[in-house]
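Inspection log for the structure reproduced underneath, given as structure tokens.
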Amino acid sequence: MKLKICGMKHNIEEVADLQPDYLGFIFWKPSKRYFDGPIPLLSRTTGKVGVFVDGNIDEIINHTNKYGLNAIQLHGNESPEFCEKLKGRLKKQNIKADILKVFSIKDGFNFSQLSSYENSTDFFLFDTKGKLPGGNGYTFNWEALKGYSSKKPYFLSGGIGPGELDNLLEFLKKEESKYCYAIDVNSKFESAPGLKDIDKLEEFKKRLFETSS
């Protein structure tokens with residue numbers, strides 16, 4: 001199991017010292033966690049994920065080059081054609097960055113719509129449907145993932161915090177978690193937007209990895 005800590009803004013080095021697998025940086029200006037750098041030097045084992053919401057391809061490519069992003073998270077209404085075009089541009093410019101396409105879930109979800117994204121993405125990410133593209137602070141019904149019909153690995157996101165850990169560990173024992181590649185956390189580990197609570201993160205990571213290893 002991998003851990004992604006998203007919404008990085010303030011105490012980046014302290015969070016990086018916990019050695020998460022991914023740190024997420026939001027490049028969507030309306031967000032309270034909007035990031036405009038610089039990113040401190042990180043361990044090679046910690047990937048940098050750039051979060052974009054209906055950005056244009058030139059913007060995404062520029063940020064990927066500027067920050068040395070390892071992954072691109074598309075958190076808007078990006079079409080399969082957009083993802084395909086982005087993938088082509090990355091390949092043409094010899095940029096090695098994974099593409100994560102986000103889908104928002106509340107109670108149910110039509111997983112058949114994922115098929116058109118299979119060839120143009122590396123991961124799916126499932127978040128909670130809410131007023132904002134992300135960081136809404138509450139979970140969706142993970143029972144919906146019983147309908148997951150793809151074999152593509154996915155990130156599980158949406159309001160996951162210390163209070164959800166026991167339920168999360170139970171979920172990870174179930175068949176529908178078979179392709180769950182990473183847990184994505186954000187607002188439930190903050191004392192202010194973009195300011196992470198190191199003690200809570202450390203305890204969460206310890207228990208998550210002890211149980212899922």
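We label chains A, B, ... in the order they appear in the structure tokens, count residues from 1 in each chain, and number ligands from 1 in the order shown.
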
Q. Leaving out Phe204 in chain A and any residue of its chain fewer than 2 positions from it, which residues lie within 10 Å of it when counting only C-alpha atoms, given as a list in words?
A.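 Contacts, in chain order: Leu3, Gly161, Pro162, Gly163, Leu165, Phe189, Ile198, Asp199, Lys200, Leu201, Glu202, Lys206, Arg207, Leu208, Phe209 and Glu210 of chain A.
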
Write out as a short mmCIF file (atom, residue, chain, number, x, y, z; two decimals) with C-alpha atoms, in the first residue's frame which residues come within 10 Å of His10 in chain A when counting only C-alpha atoms, dropping same-chain ones fewer than 6 positions away.
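What follows is the written file selection13.cif:
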data_model
loop_
_atom_site.label_atom_id
_atom_site.label_comp_id
_atom_site.auth_asym_id
_atom_site.auth_seq_id
_atom_site.Cartn_x
_atom_site.Cartn_y
_atom_site.Cartn_z
CA ARG A 33 -4.00 25.07 -0.91
CA PHE A 35 0.84 26.12 -4.59
CA GLY A 37 6.58 26.91 -5.13
CA ALA A 192 -5.02 25.10 8.68
CA PRO A 193 -5.29 24.73 4.88
CA GLY A 194 -1.97 23.37 3.67
CA LEU A 195 -0.48 23.09 7.17
CA LYS A 196 -0.22 19.41 8.08
#

Can I get the residues of range 97-191 of chain A within 12 Å of range 79-90 of chain A, each with the closest pair of atoms and their distance in Å to one decimal, using only C-alpha atoms, sorted chain first then ascending number, as a tab-separated table?
residue	atom	partner	partner_atom	distance
A:Ala97	CA	A:Leu90	CA	7.5
A:Asp98	CA	A:Lys87	CA	8.8
A:Ile99	CA	A:Lys87	CA	7.7
A:Leu100	CA	A:Cys83	CA	9.5
A:Lys101	CA	A:Cys83	CA	8.3
A:Val102	CA	A:Ser79	CA	11.2
A:Phe103	CA	A:Ser79	CA	11.5
A:Gln113	CA	A:Pro80	CA	9.8
A:Leu114	CA	A:Pro80	CA	9.1
A:Ser115	CA	A:Pro80	CA	9.4
A:Ser116	CA	A:Pro80	CA	6.0
A:Tyr117	CA	A:Pro80	CA	5.3
A:Glu118	CA	A:Pro80	CA	8.8
A:Asn119	CA	A:Glu84	CA	7.8
A:Ser120	CA	A:Glu84	CA	4.9
A:Thr121	CA	A:Cys83	CA	7.0
A:Asp122	CA	A:Lys87	CA	10.0
A:Phe123	CA	A:Cys83	CA	11.9

Selection to disk with C-alpha atoms, as a short mmCIF file (atom, residue, chain, number, x, y, z; two decimals), in the first residue's frame:
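Generated output (part-v3.cif):
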data_model
loop_
_atom_site.label_atom_id
_atom_site.label_comp_id
_atom_site.auth_asym_id
_atom_site.auth_seq_id
_atom_site.Cartn_x
_atom_site.Cartn_y
_atom_site.Cartn_z
CA ALA A 97 4.96 11.34 -15.72
CA ASP A 98 2.00 9.14 -14.83
CA ILE A 99 -1.54 10.37 -15.51
CA LEU A 100 -4.14 10.02 -12.74
CA LYS A 101 -7.75 10.68 -13.71
CA VAL A 102 -10.10 11.56 -10.86
CA PHE A 103 -13.73 10.49 -10.63
CA GLN A 113 -17.48 5.27 -18.11
CA LEU A 114 -13.93 4.33 -17.10
CA SER A 115 -13.40 2.14 -20.16
CA SER A 116 -12.78 5.10 -22.46
CA TYR A 117 -9.95 6.27 -20.16
CA GLU A 118 -8.18 2.90 -19.89
CA ASN A 119 -5.55 3.51 -22.57
CA SER A 120 -4.73 7.13 -21.77
CA THR A 121 -4.25 6.93 -17.99
CA ASP A 122 -1.99 5.08 -15.56
CA PHE A 123 -4.20 5.27 -12.46
#

Q | strand (DSSP E or B) per DSSP on the backbone: members of range 126-172 of chain A, as a PyMOL selection string | A | chain A and resi 126-128+154-156

Could you take the residues named above and write them with N, CA and C atoms, as a compact mmCIF listing (two decimals), in the first residue's frame?
# COMPACT_ATOMS: atom_id res chain seq x y z
N PHE A 126 -10.41 7.88 -6.93
CA PHE A 126 -11.80 8.06 -6.54
C PHE A 126 -11.89 8.96 -5.33
N ASP A 127 -12.63 10.06 -5.50
CA ASP A 127 -12.77 11.09 -4.48
C ASP A 127 -14.25 11.26 -4.16
N THR A 128 -14.54 12.05 -3.14
CA THR A 128 -15.91 12.32 -2.75
C THR A 128 -16.50 13.44 -3.60
N TYR A 154 -5.91 1.94 -8.46
CA TYR A 154 -6.54 3.22 -8.15
C TYR A 154 -6.10 3.77 -6.79
N PHE A 155 -6.23 5.09 -6.67
CA PHE A 155 -6.00 5.80 -5.41
C PHE A 155 -7.36 6.00 -4.75
N LEU A 156 -7.43 5.79 -3.44
CA LEU A 156 -8.66 6.04 -2.69
C LEU A 156 -8.50 7.34 -1.92

(Q) My list of candidates is A:Tyr22, A:Asp17, A:Gly108, A:Pro153. Which is closest to Lys2 in chain A when distances are computed with only C-alpha atoms? (A) A:Tyr22

Q. If you count only C-alpha atoms, which residues fall within 10 Å of Ser104 in chain A, apart from same-chain ones fewer than 2 positions away, as a ChimeraX atom specification?
A. /A:75-76,102,106-109,125-130,133-134,140,157-158

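Of the residues in range 100-180 of chain A, those that DSSP places in alpha helix (DSSP H) on the basis of the backbone are A:Leu165, A:Asp166, A:Asn167, A:Leu168, A:Leu169, A:Glu170, A:Phe171.
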
Q: Rounded to one decimal place, report the CA of Lys4 in chain A-CA of Lys66 in chain A distance in Å.
A: 20.7 Å

Q | Contacts of Leu145 in chain A within 10 Å, only C-alpha atoms, excl. fewer than 3 positions in-chain, as a ChimeraX atom specification | A | /A:105,107-109,111,126,141-142,148-149,175-177,180

Residues from last step as file, C-alpha atoms, as a PDB file, in the first residue's frame:
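Written output follows (selection-v4.pdb):
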ATOM      1  CA  ILE A 105     -18.454   9.372  -6.111  1.00  0.00           C
ATOM      2  CA  ASP A 107     -23.345   6.811  -3.171  1.00  0.00           C
ATOM      3  CA  GLY A 108     -23.204   5.029  -6.514  1.00  0.00           C
ATOM      4  CA  PHE A 109     -21.170   5.285  -9.690  1.00  0.00           C
ATOM      5  CA  PHE A 111     -17.992   2.372 -13.681  1.00  0.00           C
ATOM      6  CA  PHE A 126     -11.804   8.058  -6.541  1.00  0.00           C
ATOM      7  CA  ASN A 141     -19.614   5.176   0.434  1.00  0.00           C
ATOM      8  CA  TRP A 142     -16.790   2.730  -0.306  1.00  0.00           C
ATOM      9  CA  TYR A 148     -15.236  -1.556  -9.920  1.00  0.00           C
ATOM     10  CA  SER A 149     -14.738  -3.543 -13.106  1.00  0.00           C
ATOM     11  CA  GLU A 175     -12.317  -7.931  -2.447  1.00  0.00           C
ATOM     12  CA  GLU A 176     -13.233  -4.466  -3.769  1.00  0.00           C
ATOM     13  CA  SER A 177      -9.901  -3.136  -2.458  1.00  0.00           C
ATOM     14  CA  CYS A 180      -6.421  -0.120  -4.363  1.00  0.00           C
TER      15      CYS A 180
END

Q | Nearest candidate to Asn11 in chain A (options A:Glu190, A:Leu172, A:Lys205, A:Gly147; using only C-alpha atoms) | A | A:Glu190

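Restricting the calculation to only C-alpha atoms, the smallest distance between Lys9 in chain A and any of A:Lys178, A:Lys91, A:Lys146, A:Lys32 is found for A:Lys32.
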
**Q.** Residue nearest Gly68 in chain A among A:Ile95, A:Met8, A:Val51, A:Val185 (counting only C-alpha atoms)
**A.** A:Ile95
